[in-house]
$ cat final_17.txt   # compact mmCIF, C-alpha atoms
# COMPACT_ATOMS: atom_id res chain seq x y z
CA ALA A 1 30.36 24.67 -24.71
CA GLU A 2 30.76 27.93 -22.80
CA LEU A 3 27.14 27.78 -21.71
CA ALA A 4 27.64 24.21 -20.46
CA VAL A 5 30.67 25.33 -18.46
CA VAL A 6 28.72 28.24 -16.92
CA ARG A 7 25.83 25.91 -16.02
CA GLU A 8 28.21 23.43 -14.39
CA ARG A 9 29.88 26.21 -12.40
CA MET A 10 26.47 27.43 -11.25
CA ARG A 11 25.46 23.88 -10.25
CA PHE A 12 28.70 23.41 -8.36
CA ALA A 13 28.37 26.79 -6.61
CA SER A 14 24.79 26.00 -5.66
CA ASP A 15 25.74 22.59 -4.27
CA LEU A 16 28.63 24.11 -2.33
CA HIS A 17 26.27 26.76 -0.94
CA ASP A 18 23.79 24.05 0.08
CA ILE A 19 26.41 22.00 1.89
CA GLN A 20 28.25 24.76 3.67
CA GLY A 21 25.32 27.14 4.19
CA HIS A 22 23.27 24.39 5.82
CA THR A 23 26.15 23.44 8.11
CA LEU A 24 26.90 27.00 9.12
CA HIS A 25 23.28 27.66 10.09
CA VAL A 26 23.14 24.48 12.16
CA VAL A 27 26.47 25.24 13.82
CA LYS A 28 25.23 28.74 14.67
CA LEU A 29 22.06 27.28 16.23
CA LYS A 30 23.98 24.69 18.26
CA ILE A 31 26.54 27.20 19.50
CA ALA A 32 23.78 29.61 20.56
CA LEU A 33 22.15 26.76 22.50
CA ALA A 34 25.49 25.83 24.10
CA GLN A 35 26.02 29.47 25.14
CA LYS A 36 22.61 29.54 26.85
CA LEU A 37 23.36 26.32 28.73
CA ILE A 38 27.03 26.80 29.57
CA HIS A 39 26.40 27.48 33.27
CA SER A 40 23.31 25.32 33.79
CA ASP A 41 23.74 22.10 31.79
CA THR A 42 27.37 21.31 30.99
CA ASP A 43 26.52 17.78 29.86
CA ARG A 44 24.21 19.17 27.16
CA VAL A 45 26.86 21.73 26.19
CA GLU A 46 29.36 18.91 25.72
CA GLN A 47 26.81 17.02 23.60
CA GLU A 48 26.11 20.07 21.41
CA LEU A 49 29.81 20.74 20.90
CA ALA A 50 30.45 17.08 20.00
CA GLU A 51 27.64 17.30 17.43
CA VAL A 52 29.13 20.52 16.01
CA TYR A 53 32.51 18.79 15.72
CA ALA A 54 30.97 15.79 13.94
CA LEU A 55 28.89 18.03 11.67
CA ILE A 56 31.95 19.98 10.58
CA GLY A 57 33.75 16.69 9.86
CA ASP A 58 30.81 15.50 7.76
CA THR A 59 30.76 18.81 5.91
CA ILE A 60 34.44 18.47 5.05
CA THR A 61 33.70 14.99 3.69
CA HIS A 62 30.70 16.22 1.67
CA THR A 63 32.71 19.14 0.29
CA LYS A 64 35.47 16.79 -0.86
CA ALA A 65 32.87 14.49 -2.45
CA LEU A 66 31.37 17.47 -4.27
CA ALA A 67 34.79 18.61 -5.48
CA TYR A 68 35.45 15.15 -6.93
CA GLY A 69 31.96 14.66 -8.37
CA GLU A 70 30.94 11.91 -5.94
CA ARG A 71 28.16 13.68 -3.99
CA THR A 72 24.73 12.13 -3.59
CA LEU A 73 22.18 12.61 -0.84
CA ASN A 74 20.25 9.94 0.99
CA LEU A 75 16.66 11.05 1.55
CA SER A 76 16.23 8.94 4.69
CA ALA A 77 19.37 10.43 6.23
CA GLU A 78 18.26 13.94 5.21
CA LEU A 79 14.84 13.31 6.76
CA GLU A 80 16.38 12.22 10.05
CA ASN A 81 18.75 15.20 9.96
CA ALA A 82 15.88 17.60 9.27
CA ARG A 83 13.83 16.17 12.12
CA ASN A 84 16.75 16.46 14.55
CA LEU A 85 17.59 20.03 13.55
CA LEU A 86 14.02 21.28 13.63
CA GLU A 87 13.29 19.61 16.96
CA ALA A 88 16.50 21.09 18.40
CA ALA A 89 15.01 24.48 17.48
CA ASP A 90 11.79 23.58 19.40
CA ILE A 91 9.81 22.94 16.23
CA HIS A 92 7.42 19.97 16.20
CA VAL A 93 7.87 17.78 13.13
CA ARG A 94 5.23 15.49 11.62
CA VAL A 95 6.32 13.10 8.87
CA GLU A 96 3.96 11.13 6.66
CA ARG A 97 5.29 8.51 4.25
CA GLU A 98 2.60 7.72 1.71
CA SER A 99 5.01 5.40 -0.09
CA GLU A 100 8.73 4.82 -0.49
CA VAL A 101 10.56 7.23 -2.75
CA SER A 102 11.90 5.78 -5.97
CA GLY A 103 15.68 5.51 -6.30
CA SER A 104 15.95 8.13 -9.04
CA GLY A 105 14.20 10.80 -6.95
CA ASN A 106 16.07 10.12 -3.72
CA ASP A 107 18.92 12.59 -4.29
CA LEU A 108 16.79 15.38 -5.72
CA LEU A 109 14.15 15.17 -2.98
CA GLY A 110 16.96 15.09 -0.42
CA GLN A 111 18.21 18.39 -1.85
CA VAL A 112 14.72 19.87 -1.59
CA LEU A 113 14.41 18.77 2.04
CA ARG A 114 17.85 20.14 2.93
CA GLU A 115 17.11 23.55 1.40
CA THR A 116 13.66 23.82 2.97
CA THR A 117 15.00 22.82 6.39
CA THR A 118 17.65 25.52 6.20
CA ASN A 119 15.06 28.09 5.09
CA ILE A 120 12.68 27.20 7.93
CA LEU A 121 15.46 27.64 10.47
CA ARG A 122 16.61 30.92 8.92
CA HIS A 123 13.41 32.64 7.85
CA SER A 124 10.43 31.45 9.87
CA GLN A 125 9.13 31.39 13.39
CA ALA A 126 7.78 27.90 12.87
CA LYS A 127 6.34 25.77 15.63
CA LEU A 128 5.12 22.97 13.32
CA VAL A 129 6.55 21.44 10.15
CA CYS A 130 4.72 18.76 8.17
CA ILE A 131 6.73 16.68 5.71
CA THR A 132 4.89 14.34 3.34
CA LEU A 133 6.73 11.89 1.10
CA SER A 134 5.28 9.97 -1.81
CA ALA A 135 6.95 7.89 -4.53
CA HIS A 136 7.96 10.93 -6.60
CA SER A 137 7.37 13.99 -4.43
CA ILE A 138 7.92 15.76 -1.16
CA SER A 139 5.75 18.41 0.46
CA VAL A 140 7.10 20.57 3.27
CA ILE A 141 4.70 22.93 5.04
CA ASN A 142 5.57 25.13 8.00
CA ASP A 143 3.66 27.60 10.09
CA GLY A 144 5.22 30.72 11.57
CA VAL A 145 4.92 32.83 8.43
CA THR A 146 4.52 36.51 9.21
CA ASP A 147 4.32 37.87 5.65
CA GLU A 148 1.54 37.12 3.17
CA VAL A 149 3.72 37.94 0.17
CA LEU A 150 6.37 35.59 -1.17
CA PRO A 151 9.83 37.06 -0.63
CA GLU A 152 12.56 36.94 -3.27
CA LEU A 153 13.40 33.25 -3.42
CA SER A 154 17.03 33.12 -4.51
CA GLY A 155 17.90 29.74 -2.93
CA LEU A 156 14.55 28.22 -3.86
CA ALA A 157 14.76 29.67 -7.38
CA THR A 158 18.09 27.90 -7.87
CA LEU A 159 16.59 24.73 -6.42
CA ALA A 160 13.57 25.06 -8.74
CA GLN A 161 15.93 25.10 -11.71
CA ARG A 162 17.75 22.03 -10.41
CA VAL A 163 14.42 20.23 -9.93
CA ALA A 164 13.33 21.23 -13.44
CA ASP A 165 16.63 19.94 -14.84
CA GLY A 166 15.79 16.63 -13.14
CA GLY A 167 12.37 16.53 -14.84
CA GLY A 168 10.36 17.81 -11.89
CA GLU A 169 8.60 20.93 -10.71
CA LEU A 170 9.00 22.95 -7.53
CA SER A 171 6.07 25.08 -6.40
CA VAL A 172 6.12 27.56 -3.54
CA ALA A 173 3.16 29.31 -1.91
CA ILE A 174 2.01 31.08 1.23
CA GLU A 175 -1.49 30.06 2.34
CA LYS A 176 -3.12 30.96 5.68
CA ASN A 177 0.17 31.82 7.44
CA ARG A 178 1.77 28.61 6.17
CA PHE A 179 4.66 28.29 3.73
CA ARG A 180 4.48 25.34 1.32

$ encode --input "final_17.txt" --output "structure tokens"
Amino acid sequence: AELAVVRERMRFASDLHDIQGHTLHVVKLKIALAQKLIHSDTDRVEQELAEVYALIGDTITHTKALAYGERTLNLSAELENARNLLEAADIHVRVERESEVSGSGNDLLGQVLRETTTNILRHSQAKLVCITLSAHSISVINDGVTDEVLPELSGLATLAQRVADGGGELSVAIEKNRFR
């Protein structure tokens, strides 16, 4: 029973980190862009600030849903969000849908996409991201890798455990200056 409680606390902490960590990185990116444009493009600054405001509102909603055990992710919404965030950071995004994702994998693959998007924004100098979806899997590959050795993967290690708990497998590799 104690082990189950510890696992649930870890799951909750990981989900909370995913929600709020993702938002904070996006907010940081949007505010940096607004600061660059404050004297040259006030319309764009207003747009970025409105998006920050909406994002924070959404994060409050997601945090409440997590606290009350109601949180699920929509892969299509996460895909659109990932595309918008990456493109806002001047990263080209290519998406291939080999087939529609089954209902049971939707939430889990959405979590994978959210974590990888955050990691690309935080840790790479990517110019291209390729996302491939199939019925039961997602592949995310980005360029802009400067190290040939895998770093310590704390966020991805937690995600790998969550994927394994859902009956899946998460693999990570660096190949030819690309992170997969």

$ residues_near_point --input "final_17.txt" --point "(23.0, 22.4, 15.2)" --cutoff "12 Å" --atoms "all atoms listed in the file" --output "NGL selection string"
:A and (22-34 or 45 or 47-56 or 81-89 or 117-118 or 121)

$ closest_residue --input "final_17.txt" --among "A:Ile38, A:Val172, A:Ala13, A:Ile131" --to "Val95 of chain A" --atoms "all atoms listed in the file"
A:Ile131

$ atom_distance --input "final_17.txt" --atom1 "atom CA of Arg180 of chain A" --atom2 "atom CA of Leu108 of chain A"
17.3 Å

$ atom_distance --input "final_17.txt" --atom1 "atom CA of Gly57 of chain A" --atom2 "atom CA of His123 of chain A"
25.9 Å

$ closest_residue --input "final_17.txt" --among "A:Glu148, A:Ala77, A:Thr59, A:Ala65" --to "Gln111 of chain A" --atoms "all atoms listed in the file"
A:Ala77

$ atom_distance --input "final_17.txt" --atom1 "atom CA of Leu156 of chain A" --atom2 "atom CA of Val93 of chain A"
21.0 Å

$ residues_around --input "final_17.txt" --residues "Asn142 of chain A" --least-positions-apart "3" --cutoff "8 Å" --atoms "all atoms listed in the file" --output "JSON, numbers by chain"
{"A": [120, 126, 127, 128, 129, 130, 145, 178, 179, 180]}

$ write_last_selection --input "final_17.txt" --atoms "C-alpha atoms" --output "CSV table (one decimal), in the coordinates of the input"
chain,number,residue,atom,x,y,z
A,120,ILE,CA,12.7,27.2,7.9
A,126,ALA,CA,7.8,27.9,12.9
A,127,LYS,CA,6.3,25.8,15.6
A,128,LEU,CA,5.1,23.0,13.3
A,129,VAL,CA,6.6,21.4,10.2
A,130,CYS,CA,4.7,18.8,8.2
A,145,VAL,CA,4.9,32.8,8.4
A,178,ARG,CA,1.8,28.6,6.2
A,179,PHE,CA,4.7,28.3,3.7
A,180,ARG,CA,4.5,25.3,1.3

$ closest_residue --input "final_17.txt" --among "A:Asn74, A:Asn177, A:Gln20, A:Val112" --to "Ala160 of chain A" --atoms "all atoms listed in the file"
A:Val112

$ closest_residue --input "final_17.txt" --among "A:Leu66, A:Leu16, A:Leu109, A:Leu133" --to "Gly168 of chain A" --atoms "all atoms listed in the file"
A:Leu109

$ closest_residue --input "final_17.txt" --among "A:Lys36, A:His92, A:Arg11, A:His136" --to "Gln161 of chain A" --atoms "all atoms listed in the file"
A:Arg11

$ residues_around --input "final_17.txt" --residues "Arg97 of chain A" --least-positions-apart "4" --cutoff "10 Å" --atoms "all atoms listed in the file" --output "MDAnalysis selection string"
chainID A and resid 101 131:135 138

$ closest_residue --input "final_17.txt" --among "A:Asp147, A:Glu115, A:Glu78, A:Asp58" --to "Ser14 of chain A" --atoms "all atoms listed in the file"
A:Glu115

$ decode --input "final_17.txt" --residues "segment 53-83 of chain A" --atoms "N, CA and C atoms" --output "mmCIF file, in the first residue's frame"
data_model
loop_
_atom_site.group_PDB
_atom_site.id
_atom_site.type_symbol
_atom_site.label_atom_id
_atom_site.label_comp_id
_atom_site.auth_asym_id
_atom_site.auth_seq_id
_atom_site.Cartn_x
_atom_site.Cartn_y
_atom_site.Cartn_z
ATOM 1 N N TYR A 53 -1.406 35.041 -21.763
ATOM 2 C CA TYR A 53 -2.543 35.121 -20.841
ATOM 3 C C TYR A 53 -3.442 33.886 -20.988
ATOM 4 N N ALA A 54 -3.766 33.527 -22.225
ATOM 5 C CA ALA A 54 -4.612 32.356 -22.473
ATOM 6 C C ALA A 54 -3.919 31.071 -22.027
ATOM 7 N N LEU A 55 -2.630 30.971 -22.286
ATOM 8 C CA LEU A 55 -1.874 29.778 -21.902
ATOM 9 C C LEU A 55 -1.868 29.596 -20.387
ATOM 10 N N ILE A 56 -1.689 30.671 -19.666
ATOM 11 C CA ILE A 56 -1.704 30.587 -18.209
ATOM 12 C C ILE A 56 -3.094 30.176 -17.723
ATOM 13 N N GLY A 57 -4.137 30.695 -18.343
ATOM 14 C CA GLY A 57 -5.500 30.276 -17.993
ATOM 15 C C GLY A 57 -5.718 28.794 -18.240
ATOM 16 N N ASP A 58 -5.236 28.311 -19.388
ATOM 17 C CA ASP A 58 -5.346 26.881 -19.698
ATOM 18 C C ASP A 58 -4.569 26.035 -18.694
ATOM 19 N N THR A 59 -3.406 26.531 -18.292
ATOM 20 C CA THR A 59 -2.583 25.790 -17.335
ATOM 21 C C THR A 59 -3.269 25.695 -15.982
ATOM 22 N N ILE A 60 -3.923 26.758 -15.570
ATOM 23 C CA ILE A 60 -4.691 26.715 -14.323
ATOM 24 C C ILE A 60 -5.785 25.658 -14.425
ATOM 25 N N THR A 61 -6.473 25.623 -15.556
ATOM 26 C CA THR A 61 -7.527 24.629 -15.773
ATOM 27 C C THR A 61 -6.961 23.214 -15.747
ATOM 28 N N HIS A 62 -5.832 22.993 -16.440
ATOM 29 C CA HIS A 62 -5.215 21.660 -16.471
ATOM 30 C C HIS A 62 -4.718 21.241 -15.091
ATOM 31 N N THR A 63 -4.191 22.201 -14.333
ATOM 32 C CA THR A 63 -3.711 21.890 -12.984
ATOM 33 C C THR A 63 -4.873 21.484 -12.090
ATOM 34 N N LYS A 64 -5.993 22.185 -12.197
ATOM 35 C CA LYS A 64 -7.182 21.804 -11.419
ATOM 36 C C LYS A 64 -7.662 20.416 -11.829
ATOM 37 N N ALA A 65 -7.677 20.144 -13.133
ATOM 38 C CA ALA A 65 -8.118 18.827 -13.610
ATOM 39 C C ALA A 65 -7.197 17.732 -13.076
ATOM 40 N N LEU A 66 -5.907 17.997 -13.044
ATOM 41 C CA LEU A 66 -4.960 17.027 -12.499
ATOM 42 C C LEU A 66 -5.233 16.801 -11.016
ATOM 43 N N ALA A 67 -5.449 17.877 -10.286
ATOM 44 C CA ALA A 67 -5.678 17.774 -8.844
ATOM 45 C C ALA A 67 -6.931 16.955 -8.530
ATOM 46 N N TYR A 68 -7.920 17.003 -9.416
ATOM 47 C CA TYR A 68 -9.162 16.266 -9.191
ATOM 48 C C TYR A 68 -9.258 14.984 -10.017
ATOM 49 N N GLY A 69 -8.128 14.564 -10.605
ATOM 50 C CA GLY A 69 -8.075 13.291 -11.319
ATOM 51 C C GLY A 69 -8.833 13.254 -12.624
ATOM 52 N N GLU A 70 -8.992 14.400 -13.279
ATOM 53 C CA GLU A 70 -9.788 14.474 -14.506
ATOM 54 C C GLU A 70 -8.947 14.743 -15.748
ATOM 55 N N ARG A 71 -7.625 14.716 -15.635
ATOM 56 C CA ARG A 71 -6.756 15.145 -16.736
ATOM 57 C C ARG A 71 -6.591 14.069 -17.795
ATOM 58 N N THR A 72 -6.829 14.436 -19.034
ATOM 59 C CA THR A 72 -6.472 13.621 -20.190
ATOM 60 C C THR A 72 -5.971 14.572 -21.268
ATOM 61 N N LEU A 73 -5.125 14.068 -22.136
ATOM 62 C CA LEU A 73 -4.607 14.884 -23.228
ATOM 63 C C LEU A 73 -5.239 14.453 -24.535
ATOM 64 N N ASN A 74 -5.384 15.397 -25.430
ATOM 65 C CA ASN A 74 -5.884 15.129 -26.765
ATOM 66 C C ASN A 74 -4.695 15.237 -27.705
ATOM 67 N N LEU A 75 -4.356 14.136 -28.370
ATOM 68 C CA LEU A 75 -3.169 14.107 -29.222
ATOM 69 C C LEU A 75 -3.256 15.142 -30.343
ATOM 70 N N SER A 76 -4.405 15.298 -30.951
ATOM 71 C CA SER A 76 -4.537 16.283 -32.036
ATOM 72 C C SER A 76 -4.270 17.696 -31.527
ATOM 73 N N ALA A 77 -4.795 18.016 -30.348
ATOM 74 C CA ALA A 77 -4.561 19.336 -29.771
ATOM 75 C C ALA A 77 -3.085 19.506 -29.402
ATOM 76 N N GLU A 78 -2.467 18.448 -28.868
ATOM 77 C CA GLU A 78 -1.049 18.509 -28.524
ATOM 78 C C GLU A 78 -0.191 18.667 -29.778
ATOM 79 N N LEU A 79 -0.589 18.022 -30.862
ATOM 80 C CA LEU A 79 0.142 18.134 -32.120
ATOM 81 C C LEU A 79 0.073 19.567 -32.644
ATOM 82 N N GLU A 80 -1.089 20.155 -32.613
ATOM 83 C CA GLU A 80 -1.247 21.539 -33.067
ATOM 84 C C GLU A 80 -0.454 22.487 -32.170
ATOM 85 N N ASN A 81 -0.505 22.249 -30.865
ATOM 86 C CA ASN A 81 0.246 23.064 -29.918
ATOM 87 C C ASN A 81 1.752 22.945 -30.175
ATOM 88 N N ALA A 82 2.225 21.722 -30.375
ATOM 89 C CA ALA A 82 3.649 21.500 -30.640
ATOM 90 C C ALA A 82 4.073 22.231 -31.905
ATOM 91 N N ARG A 83 3.292 22.105 -32.953
ATOM 92 C CA ARG A 83 3.605 22.776 -34.213
ATOM 93 C C ARG A 83 3.698 24.288 -34.015
#
